[in-house]
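Beneath this line is the structure, given in structure tokens, with notes to follow.
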Amino acid sequence: MISARGYAAPDARSPLAPFQFERREPGPNDVQLDVLFCGICHSDLHQARDEWGGALFPMVPGHEIVGRVTRVGAKVSRFKAGDTVGIGCMVDSCRACASCKEGLEQYCEKGPVYTYNSREKESQQPTQGGYSNVLVVDQDFVLRVPDNLDPSKAAPLLCAGITTYSPLKHWKVREGQRVGVVGLGGLGHMAVKFARAMGAHVTVFSHTDKKKQDALRLGAHEVVVSSNEAEMKARQNTFDFVLDTVSAKHDINAYLRLLRRDGSLVLVGAPEQPLEVGAFSIIPNRRNFSGSSIGGVRETQEMLDFCGKHEVVSDVEVIPIQQVNEAYTRMLKGDVKYRFVIDMKSLK
Ligand code: NAP
Ligand code: ZN
Ligand code: ZN
């Protein structure tokens, strides 16, 4: 076994604290890496506080990982020591179901093995994430990070990036379409960059008036403060696509009403509490209301390559791991520009 160090949530109510644990020795198909940077996703907070239920403790969160390969198994040919690689939200899946065969491992019929708060297939040991110094991952779930991207700014692409890129691609967002992004946080700011790079007209809907300048700088064409009823009403029936990234309970009907005929609202935000949908928010205009989960391995690589080509990265605030609990508190207050990323050098 390999001894590993990180920060873990001991239970749903206590702050994260230093934690020692073991990882498996790399097998023939495994890649071992030293973690360089790990982003802090709001899903880390939801799970560390068991807001979605079924959490496994102690839990080392983190699924926006960029690291350097230190060792590879005998059957690994695509990676070698020294490579800069990424690990996202998944580390395994059944590989045999229809979804896995289509490269949609996030929809694996047996359920993917998530990077943390999940169980390894064979051993049933709990998986532990990227708030740690070392990781061992099957080569099929290891991504290549383009050399021209700053690794600290690339880390959030592994979740915030793919979770917003994938629905924009699946719903075929294209030049000239009107796209709304609800919530300007980690996911939202990536959605703005991608939608803009795909040629859409982008409107940010924020519940505060404090992010207007940032939204425009990130690439939005306009910003609407969602409490402004007149501005909301003026935009009803005009959007082709709306991506909702909000992490807390909110009125989804206000955003469904923005959709024109056959438009789609896709929910990626995962609030703890259910959202109420009024029938007359979706019946008019034959509106579509869907959800979307991260993205498959193949598409994640496609997204990273797109980012390399278009020089798209996340706006980050790099912190030492000792500040992780403070970062959680600030994230809940919306005080993030626009992703916290842990520099793993700080883990002494
Ligand atoms: P984040 O950085 O905290 O951003 C969430 C944003 O939601 C905030 O910046 C804020 O934007 C808005 N918001 C927060 N509280 C609100 C409230 N009470 N009312 C209205 N708006 C509020 O979080 P994130 O990391 O981007 O994650 C967002 C959500 O996506 C989380 O629930 C996370 O678990 C989920 N997620 C889902 C997937 C998936 O595969 N579907 C993947 C990753 C994350 P404004 O201030 O601009 O309003
Ligand atoms: Zn995430
Ligand atoms: Zn499967």
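Simple scheme: letters A, B, ... for chains in structure tokens order, numbers from 1 for residues in each chain, numbers from 1 for ligands in the order shown.
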List every residue of chain A that has an atom at most 8 Å from any atom of ligand 2, giving for each one its closest atom pair and the distance in Å to one decimal, counting only C-alpha atoms and all ligand atoms, sorted by chain and then by ascending residue number, as JSON lines.
{"residue": "A:Ile40", "atom": "CA", "partner": "ligand 2", "partner_atom_place_in_ligand_line": "1 (Zn)", "distance": 7.6}
{"residue": "A:Cys41", "atom": "CA", "partner": "ligand 2", "partner_atom_place_in_ligand_line": "1 (Zn)", "distance": 4.5}
{"residue": "A:His42", "atom": "CA", "partner": "ligand 2", "partner_atom_place_in_ligand_line": "1 (Zn)", "distance": 6.4}
{"residue": "A:Ser43", "atom": "CA", "partner": "ligand 2", "partner_atom_place_in_ligand_line": "1 (Zn)", "distance": 5.1}
{"residue": "A:Asp44", "atom": "CA", "partner": "ligand 2", "partner_atom_place_in_ligand_line": "1 (Zn)", "distance": 6.8}
{"residue": "A:Gly62", "atom": "CA", "partner": "ligand 2", "partner_atom_place_in_ligand_line": "1 (Zn)", "distance": 7.8}
{"residue": "A:His63", "atom": "CA", "partner": "ligand 2", "partner_atom_place_in_ligand_line": "1 (Zn)", "distance": 6.2}
{"residue": "A:Glu64", "atom": "CA", "partner": "ligand 2", "partner_atom_place_in_ligand_line": "1 (Zn)", "distance": 6.9}
{"residue": "A:Cys89", "atom": "CA", "partner": "ligand 2", "partner_atom_place_in_ligand_line": "1 (Zn)", "distance": 6.7}
{"residue": "A:Leu158", "atom": "CA", "partner": "ligand 2", "partner_atom_place_in_ligand_line": "1 (Zn)", "distance": 7.9}
{"residue": "A:Cys159", "atom": "CA", "partner": "ligand 2", "partner_atom_place_in_ligand_line": "1 (Zn)", "distance": 4.6}
{"residue": "A:Ala160", "atom": "CA", "partner": "ligand 2", "partner_atom_place_in_ligand_line": "1 (Zn)", "distance": 6.0}
{"residue": "A:Thr163", "atom": "CA", "partner": "ligand 2", "partner_atom_place_in_ligand_line": "1 (Zn)", "distance": 7.9}
{"residue": "A:Ile294", "atom": "CA", "partner": "ligand 2", "partner_atom_place_in_ligand_line": "1 (Zn)", "distance": 7.9}
Selected residues written out, C-alpha atoms, as a CSV table (one decimal), in the first residue's frame:
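Contents of part.csv, as written:
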chain,number,residue,atom,x,y,z
A,40,ILE,CA,-12.8,23.2,-4.7
A,41,CYS,CA,-16.2,22.4,-6.2
A,42,HIS,CA,-19.5,23.2,-4.5
A,43,SER,CA,-20.2,19.4,-4.8
A,44,ASP,CA,-17.3,18.9,-2.3
A,62,GLY,CA,-11.6,16.8,-4.5
A,63,HIS,CA,-12.3,16.0,-8.1
A,64,GLU,CA,-10.6,18.8,-10.0
A,89,CYS,CA,-15.1,13.2,-11.0
A,158,LEU,CA,-11.9,18.7,-14.7
A,159,CYS,CA,-15.4,19.3,-13.2
A,160,ALA,CA,-16.6,22.9,-13.6
A,163,THR,CA,-20.0,20.0,-16.6
A,294,ILE,CA,-20.5,16.0,-15.7
Please extract the residues at most 6 Å from ligand 3, counting only C-alpha atoms and all ligand atoms, and provide them as a list in words, using the chain letters and residue numbers of this document.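 For ligand 3, the residues inside 6 Å are Ser93, Cys94, Arg95, Ala96, Cys97, Ser99, Cys100, Cys108, Glu109 and Lys110 of chain A.
Those residues in segment 286-333 of chain A carrying a DSSP assignment of strand (DSSP E or B), computed from the backbone, are Asn288, Phe289, Ser290, Gly291, Val316, Glu317, Val318, Ile319 and Pro320 of chain A.
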Hey, which residues sit close to ligand 1? Say within 6 Å, counting only C-alpha atoms and all ligand atoms, and write them as a list in words. Cys41, His42, Ser43, Cys159, Ala160, Thr163, Gly183, Leu184, Gly185, Gly186, Leu187, Gly188, Ser206, His207, Thr208, Thr245, Val246, Ser247, Ala248, His250, Val268, Gly269, Ala270, Pro271, Ser292, Ser293, Ile294, Met331 and Gly334 of chain A
Just-selected residues, N, CA, C and O atoms written as an mmCIF file, in the first residue's frame:
data_model
loop_
_atom_site.group_PDB
_atom_site.id
_atom_site.type_symbol
_atom_site.label_atom_id
_atom_site.label_comp_id
_atom_site.auth_asym_id
_atom_site.auth_seq_id
_atom_site.Cartn_x
_atom_site.Cartn_y
_atom_site.Cartn_z
ATOM 1 N N CYS A 41 -14.876 22.343 -5.575
ATOM 2 C CA CYS A 41 -16.182 22.381 -6.231
ATOM 3 C C CYS A 41 -17.258 22.466 -5.150
ATOM 4 O O CYS A 41 -17.088 21.927 -4.058
ATOM 5 N N HIS A 42 -18.382 23.099 -5.480
ATOM 6 C CA HIS A 42 -19.462 23.158 -4.486
ATOM 7 C C HIS A 42 -19.970 21.753 -4.146
ATOM 8 O O HIS A 42 -20.480 21.517 -3.050
ATOM 9 N N SER A 43 -19.798 20.811 -5.072
ATOM 10 C CA SER A 43 -20.188 19.410 -4.776
ATOM 11 C C SER A 43 -19.347 18.844 -3.630
ATOM 12 O O SER A 43 -19.817 17.963 -2.902
ATOM 13 N N CYS A 159 -13.938 19.442 -13.547
ATOM 14 C CA CYS A 159 -15.366 19.292 -13.199
ATOM 15 C C CYS A 159 -16.158 20.490 -13.706
ATOM 16 O O CYS A 159 -17.023 20.346 -14.558
ATOM 17 N N ALA A 160 -15.855 21.688 -13.210
ATOM 18 C CA ALA A 160 -16.624 22.876 -13.642
ATOM 19 C C ALA A 160 -16.577 23.014 -15.165
ATOM 20 O O ALA A 160 -17.573 23.366 -15.800
ATOM 21 N N THR A 163 -18.599 19.930 -16.914
ATOM 22 C CA THR A 163 -20.033 19.953 -16.568
ATOM 23 C C THR A 163 -20.786 21.025 -17.342
ATOM 24 O O THR A 163 -21.988 20.903 -17.581
ATOM 25 N N GLY A 183 -26.446 31.961 -12.291
ATOM 26 C CA GLY A 183 -25.467 31.778 -11.211
ATOM 27 C C GLY A 183 -24.054 31.929 -11.742
ATOM 28 O O GLY A 183 -23.622 31.162 -12.607
ATOM 29 N N LEU A 184 -23.345 32.936 -11.230
ATOM 30 C CA LEU A 184 -21.967 33.136 -11.689
ATOM 31 C C LEU A 184 -21.010 32.687 -10.582
ATOM 32 O O LEU A 184 -20.462 33.483 -9.835
ATOM 33 N N GLY A 185 -20.816 31.358 -10.511
ATOM 34 C CA GLY A 185 -19.845 30.779 -9.584
ATOM 35 C C GLY A 185 -18.820 29.994 -10.397
ATOM 36 O O GLY A 185 -18.520 30.354 -11.544
ATOM 37 N N GLY A 186 -18.310 28.906 -9.806
ATOM 38 C CA GLY A 186 -17.313 28.087 -10.499
ATOM 39 C C GLY A 186 -17.828 27.554 -11.825
ATOM 40 O O GLY A 186 -17.177 27.699 -12.873
ATOM 41 N N LEU A 187 -18.999 26.928 -11.808
ATOM 42 C CA LEU A 187 -19.559 26.391 -13.051
ATOM 43 C C LEU A 187 -19.986 27.530 -13.980
ATOM 44 O O LEU A 187 -19.695 27.517 -15.183
ATOM 45 N N GLY A 188 -20.701 28.499 -13.404
ATOM 46 C CA GLY A 188 -21.267 29.576 -14.210
ATOM 47 C C GLY A 188 -20.212 30.330 -15.006
ATOM 48 O O GLY A 188 -20.395 30.610 -16.190
ATOM 49 N N SER A 206 -27.754 36.743 -12.294
ATOM 50 C CA SER A 206 -27.109 36.651 -10.989
ATOM 51 C C SER A 206 -28.079 37.143 -9.929
ATOM 52 O O SER A 206 -28.891 38.033 -10.193
ATOM 53 N N HIS A 207 -27.991 36.559 -8.719
ATOM 54 C CA HIS A 207 -28.914 37.051 -7.680
ATOM 55 C C HIS A 207 -28.317 38.224 -6.913
ATOM 56 O O HIS A 207 -28.935 38.732 -6.002
ATOM 57 N N THR A 208 -27.100 38.635 -7.317
ATOM 58 C CA THR A 208 -26.537 39.834 -6.690
ATOM 59 C C THR A 208 -26.176 40.837 -7.783
ATOM 60 O O THR A 208 -25.987 40.466 -8.947
ATOM 61 N N THR A 245 -26.889 26.833 -12.913
ATOM 62 C CA THR A 245 -25.774 26.305 -12.107
ATOM 63 C C THR A 245 -25.932 26.621 -10.611
ATOM 64 O O THR A 245 -24.973 26.526 -9.852
ATOM 65 N N VAL A 246 -27.117 26.998 -10.203
ATOM 66 C CA VAL A 246 -27.297 27.480 -8.823
ATOM 67 C C VAL A 246 -27.247 26.323 -7.816
ATOM 68 O O VAL A 246 -27.862 25.279 -8.019
ATOM 69 N N SER A 247 -26.520 26.559 -6.720
ATOM 70 C CA SER A 247 -26.264 25.498 -5.735
ATOM 71 C C SER A 247 -27.298 25.439 -4.617
ATOM 72 O O SER A 247 -27.273 24.532 -3.796
ATOM 73 N N ALA A 248 -28.195 26.423 -4.566
ATOM 74 C CA ALA A 248 -29.183 26.481 -3.472
ATOM 75 C C ALA A 248 -30.588 26.513 -4.049
ATOM 76 O O ALA A 248 -30.792 26.772 -5.246
ATOM 77 N N HIS A 250 -34.006 27.672 -5.356
ATOM 78 C CA HIS A 250 -34.371 28.933 -6.003
ATOM 79 C C HIS A 250 -35.583 28.705 -6.884
ATOM 80 O O HIS A 250 -35.982 27.551 -7.101
ATOM 81 N N VAL A 268 -27.768 21.915 -13.978
ATOM 82 C CA VAL A 268 -26.567 21.215 -13.509
ATOM 83 C C VAL A 268 -26.328 21.470 -12.021
ATOM 84 O O VAL A 268 -25.724 20.650 -11.347
ATOM 85 N N GLY A 269 -26.819 22.606 -11.525
ATOM 86 C CA GLY A 269 -26.747 22.865 -10.082
ATOM 87 C C GLY A 269 -27.522 21.780 -9.355
ATOM 88 O O GLY A 269 -28.515 21.271 -9.888
ATOM 89 N N ALA A 270 -27.054 21.415 -8.166
ATOM 90 C CA ALA A 270 -27.655 20.276 -7.463
ATOM 91 C C ALA A 270 -28.014 20.641 -6.023
ATOM 92 O O ALA A 270 -27.425 20.142 -5.072
ATOM 93 N N PRO A 271 -29.016 21.540 -5.856
ATOM 94 C CA PRO A 271 -29.396 21.948 -4.503
ATOM 95 C C PRO A 271 -29.892 20.763 -3.683
ATOM 96 O O PRO A 271 -30.429 19.803 -4.233
ATOM 97 N N SER A 292 -28.131 17.335 -16.428
ATOM 98 C CA SER A 292 -26.942 16.820 -17.093
ATOM 99 C C SER A 292 -25.869 16.574 -16.037
ATOM 100 O O SER A 292 -25.701 17.368 -15.118
ATOM 101 N N SER A 293 -25.181 15.442 -16.180
ATOM 102 C CA SER A 293 -24.138 15.081 -15.219
ATOM 103 C C SER A 293 -22.761 15.146 -15.888
ATOM 104 O O SER A 293 -22.565 14.550 -16.960
ATOM 105 N N ILE A 294 -21.865 15.857 -15.290
ATOM 106 C CA ILE A 294 -20.467 16.030 -15.737
ATOM 107 C C ILE A 294 -20.289 15.757 -17.236
ATOM 108 O O ILE A 294 -20.932 16.396 -18.062
ATOM 109 N N MET A 331 -17.341 30.256 0.020
ATOM 110 C CA MET A 331 -18.116 29.774 -1.131
ATOM 111 C C MET A 331 -19.609 29.907 -0.846
ATOM 112 O O MET A 331 -20.388 30.296 -1.720
ATOM 113 N N GLY A 334 -20.865 33.221 -1.503
ATOM 114 C CA GLY A 334 -20.712 33.688 -2.885
ATOM 115 C C GLY A 334 -19.449 34.518 -3.070
ATOM 116 O O GLY A 334 -19.305 35.246 -4.046
#
Contacts of segment 256-267 of chain A at 10 Å or less, counting only C-alpha atoms, minus same-chain residues fewer than 5 places along, as a ChimeraX atom specification? /A:164,167-168,171,178-182,232-246,251,277-278,280-282,284-293
Who sits within 8 Å of Ala74 of chain A, only C-alpha atoms, same chain under 2 positions skipped, as number ranges by chain: A: 27-29, 72, 76
From A:Ala81, A:Leu275, A:Leu143, A:Leu56, residue lying nearest Gln124 of chain A [only C-alpha atoms]: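 Result for the nearest residue to Gln124 of chain A: A:Leu56.
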Which value, in Å to one decimal, gives the distance between atom CA of Ala48 of chain A and atom CA of Val85 of chain A? 25.3 Å
Each segment 107-192 of chain A residue no farther than 12 Å from segment 309-319 of chain A, nearest pair in Å, only C-alpha atoms, as JSON lines:
{"residue": "A:Tyr131", "atom": "CA", "partner": "A:Ile319", "partner_atom": "CA", "distance": 12.0}
{"residue": "A:Val145", "atom": "CA", "partner": "A:Val313", "partner_atom": "CA", "distance": 11.4}
{"residue": "A:Pro146", "atom": "CA", "partner": "A:Lys309", "partner_atom": "CA", "distance": 8.7}
{"residue": "A:Asp147", "atom": "CA", "partner": "A:Lys309", "partner_atom": "CA", "distance": 10.7}
{"residue": "A:Asn148", "atom": "CA", "partner": "A:Glu311", "partner_atom": "CA", "distance": 7.8}
{"residue": "A:Leu149", "atom": "CA", "partner": "A:Glu311", "partner_atom": "CA", "distance": 7.1}
{"residue": "A:Asp150", "atom": "CA", "partner": "A:Val313", "partner_atom": "CA", "distance": 8.0}
{"residue": "A:Pro151", "atom": "CA", "partner": "A:Val313", "partner_atom": "CA", "distance": 9.3}
{"residue": "A:Ser152", "atom": "CA", "partner": "A:Val318", "partner_atom": "CA", "distance": 7.5}
{"residue": "A:Lys153", "atom": "CA", "partner": "A:Ser314", "partner_atom": "CA", "distance": 5.1}
{"residue": "A:Ala154", "atom": "CA", "partner": "A:Val313", "partner_atom": "CA", "distance": 5.6}
{"residue": "A:Ala155", "atom": "CA", "partner": "A:Ser314", "partner_atom": "CA", "distance": 8.1}
{"residue": "A:Pro156", "atom": "CA", "partner": "A:Ser314", "partner_atom": "CA", "distance": 6.3}
{"residue": "A:Leu157", "atom": "CA", "partner": "A:Ser314", "partner_atom": "CA", "distance": 7.0}
{"residue": "A:Leu158", "atom": "CA", "partner": "A:Ser314", "partner_atom": "CA", "distance": 10.5}
{"residue": "A:Cys159", "atom": "CA", "partner": "A:Ser314", "partner_atom": "CA", "distance": 11.0}
{"residue": "A:Ala160", "atom": "CA", "partner": "A:Ser314", "partner_atom": "CA", "distance": 8.7}
{"residue": "A:Gly161", "atom": "CA", "partner": "A:Ser314", "partner_atom": "CA", "distance": 8.1}
{"residue": "A:Ile162", "atom": "CA", "partner": "A:Val313", "partner_atom": "CA", "distance": 11.8}
{"residue": "A:Tyr165", "atom": "CA", "partner": "A:Val312", "partner_atom": "CA", "distance": 11.5}
{"residue": "A:Leu184", "atom": "CA", "partner": "A:Asp315", "partner_atom": "CA", "distance": 11.8}
{"residue": "A:Gly185", "atom": "CA", "partner": "A:Asp315", "partner_atom": "CA", "distance": 10.3}
{"residue": "A:Gly186", "atom": "CA", "partner": "A:Ser314", "partner_atom": "CA", "distance": 8.1}
{"residue": "A:Leu187", "atom": "CA", "partner": "A:Ser314", "partner_atom": "CA", "distance": 9.5}
{"residue": "A:Gly188", "atom": "CA", "partner": "A:Ser314", "partner_atom": "CA", "distance": 10.7}
{"residue": "A:His189", "atom": "CA", "partner": "A:Ser314", "partner_atom": "CA", "distance": 7.8}
{"residue": "A:Met190", "atom": "CA", "partner": "A:Ser314", "partner_atom": "CA", "distance": 6.6}
{"residue": "A:Ala191", "atom": "CA", "partner": "A:Ser314", "partner_atom": "CA", "distance": 10.4}
{"residue": "A:Val192", "atom": "CA", "partner": "A:Ser314", "partner_atom": "CA", "distance": 10.9}
Can you list, as a PyMOL selection string, every protein, DNA or RNA residue that comes within 12 Å of Ile87 of chain A when you count only C-alpha atoms, leaving out same-chain residues fewer than 2 positions away? chain A and resi 31-39+62-69+84-85+89-92+114-116+129-130+134-145+154-159+162+297+300-301+304
Residue nearest Glu272 of chain A - candidates A:His221, A:His201, A:His46, A:Lys75, atoms counted: only C-alpha atoms: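 Of A:His221, A:His201, A:His46, A:Lys75, the one nearest Glu272 of chain A, counting only C-alpha atoms, is A:His46.
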Could you find all residues in segment 159-324 of chain A that DSSP calls alpha helix (DSSP H) from the backbone, and write them as a tab-separated table (two decimals) with C-alpha atoms, in the first residue's frame?
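Result file follows (result_7.tsv):
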chain	number	residue	atom	x	y	z
A	160	ALA	CA	-16.62	22.88	-13.64
A	161	GLY	CA	-15.28	22.81	-17.21
A	162	ILE	CA	-16.71	19.53	-18.43
A	163	THR	CA	-20.03	19.95	-16.57
A	164	THR	CA	-20.75	23.12	-18.52
A	165	TYR	CA	-19.09	22.18	-21.83
A	166	SER	CA	-20.99	18.89	-22.13
A	167	PRO	CA	-24.57	20.26	-22.11
A	168	LEU	CA	-23.62	23.16	-24.37
A	169	LYS	CA	-22.37	20.59	-26.89
A	170	HIS	CA	-25.18	18.08	-26.39
A	186	GLY	CA	-17.31	28.09	-10.50
A	187	LEU	CA	-19.56	26.39	-13.05
A	188	GLY	CA	-21.27	29.58	-14.21
A	189	HIS	CA	-18.08	31.43	-15.10
A	190	MET	CA	-16.89	28.47	-17.19
A	191	ALA	CA	-20.28	28.30	-18.92
A	192	VAL	CA	-19.93	31.96	-19.89
A	193	LYS	CA	-16.47	31.35	-21.39
A	194	PHE	CA	-17.57	28.26	-23.34
A	195	ALA	CA	-20.86	29.69	-24.61
A	196	ARG	CA	-19.01	32.78	-25.76
A	197	ALA	CA	-16.32	30.70	-27.47
A	212	LYS	CA	-21.81	42.77	-13.26
A	213	GLN	CA	-18.33	43.95	-14.23
A	214	ASP	CA	-16.83	40.49	-13.77
A	215	ALA	CA	-19.52	38.85	-15.89
A	216	LEU	CA	-18.86	41.27	-18.75
A	217	ARG	CA	-15.10	40.79	-18.43
A	218	LEU	CA	-15.58	36.98	-18.55
A	229	GLU	CA	-38.79	41.85	-12.25
A	230	ALA	CA	-38.99	44.26	-15.16
A	231	GLU	CA	-35.70	43.05	-16.65
A	232	MET	CA	-36.72	39.41	-16.17
A	233	LYS	CA	-40.11	39.98	-17.77
A	234	ALA	CA	-38.59	41.77	-20.75
A	253	ASN	CA	-39.95	28.90	-12.97
A	254	ALA	CA	-38.50	32.37	-13.44
A	255	TYR	CA	-35.85	30.84	-15.75
A	256	LEU	CA	-38.15	28.38	-17.54
A	279	ALA	CA	-47.08	23.24	-15.18
A	280	PHE	CA	-47.51	26.58	-16.90
A	281	SER	CA	-43.79	27.19	-16.83
A	282	ILE	CA	-43.22	24.40	-19.34
A	297	VAL	CA	-13.91	10.57	-20.41
A	298	ARG	CA	-13.70	11.08	-24.18
A	299	GLU	CA	-15.63	14.33	-24.04
A	300	THR	CA	-13.52	15.55	-21.10
A	301	GLN	CA	-10.40	15.09	-23.22
A	302	GLU	CA	-12.13	16.89	-26.10
A	303	MET	CA	-12.96	19.78	-23.71
A	304	LEU	CA	-9.35	19.97	-22.45
A	305	ASP	CA	-8.07	20.05	-26.03
A	306	PHE	CA	-10.64	22.77	-26.87
A	307	CYS	CA	-9.32	24.76	-23.88
A	308	GLY	CA	-5.75	24.27	-25.06
A	309	LYS	CA	-6.65	25.51	-28.53
A	310	HIS	CA	-8.77	28.49	-27.42
A	324	VAL	CA	-9.98	24.89	3.00
Can you pull out every residue within 8 Å of Arg49 of chain A, counting only C-alpha atoms, but drop anything in the same chain fewer than 6 positions away, and send it as a PDB file with all heavy atoms, in the first residue's frame?
ATOM      1  N   ASP A  11     -16.810  13.797   9.661  1.00  0.00           N
ATOM      2  CA  ASP A  11     -18.249  13.529   9.670  1.00  0.00           C
ATOM      3  C   ASP A  11     -18.921  14.750   9.063  1.00  0.00           C
ATOM      4  O   ASP A  11     -18.246  15.695   8.657  1.00  0.00           O
ATOM      5  CB  ASP A  11     -18.746  13.260  11.106  1.00  0.00           C
ATOM      6  CG  ASP A  11     -18.392  14.403  12.037  1.00  0.00           C
ATOM      7  OD1 ASP A  11     -18.896  15.527  11.812  1.00  0.00           O
ATOM      8  OD2 ASP A  11     -17.580  14.195  12.965  1.00  0.00           O
ATOM      9  N   ALA A  12     -20.257  14.751   9.003  1.00  0.00           N
ATOM     10  CA  ALA A  12     -20.971  15.809   8.275  1.00  0.00           C
ATOM     11  C   ALA A  12     -20.948  17.159   8.992  1.00  0.00           C
ATOM     12  O   ALA A  12     -21.300  18.172   8.395  1.00  0.00           O
ATOM     13  CB  ALA A  12     -22.413  15.380   8.027  1.00  0.00           C
ATOM     14  N   ARG A  13     -20.563  17.165  10.271  1.00  0.00           N
ATOM     15  CA  ARG A  13     -20.671  18.419  11.027  1.00  0.00           C
ATOM     16  C   ARG A  13     -19.341  19.068  11.374  1.00  0.00           C
ATOM     17  O   ARG A  13     -19.307  20.236  11.762  1.00  0.00           O
ATOM     18  CB  ARG A  13     -21.457  18.164  12.314  1.00  0.00           C
ATOM     19  CG  ARG A  13     -22.936  18.294  12.056  1.00  0.00           C
ATOM     20  CD  ARG A  13     -23.810  18.034  13.252  1.00  0.00           C
ATOM     21  NE  ARG A  13     -25.160  17.801  12.774  1.00  0.00           N
ATOM     22  CZ  ARG A  13     -25.590  16.640  12.298  1.00  0.00           C
ATOM     23  NH1 ARG A  13     -24.771  15.602  12.264  1.00  0.00           N
ATOM     24  NH2 ARG A  13     -26.813  16.515  11.849  1.00  0.00           N
TER      25      ARG A  13
END
Residue nearest Ala55 of chain A among A:Gly6, A:Gly199, A:Pro126, A:Gly88 (counting only C-alpha atoms):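 Ranked by minimum distance to Ala55 of chain A, first place goes to A:Pro126.
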Could you tell me which of A:Gln125, A:Gln322, A:Asn117, A:Asn133 comes closest to Arg5 of chain A if we count only C-alpha atoms?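 Checking each of A:Gln125, A:Gln322, A:Asn117, A:Asn133 against Arg5 of chain A, counting only C-alpha atoms, the winner is A:Asn133.
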What's around Glu326 of chain A at 12 Å? Count only C-alpha atoms, leave out sequence neighbours fewer than 5 positions away in its own chain, and write the answer as a count of residues only. 13
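When only C-alpha atoms are used to measure the gap to Ala9 of chain A, the shortest distance among A:Phe57, A:Tyr338, A:Tyr328, A:Phe79 belongs to A:Phe57.
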Give me, please, the distance in Å between atom CA of Arg119 of chain A and atom CA of Gly54 of chain A, quoted to one decimal. 11.9 Å
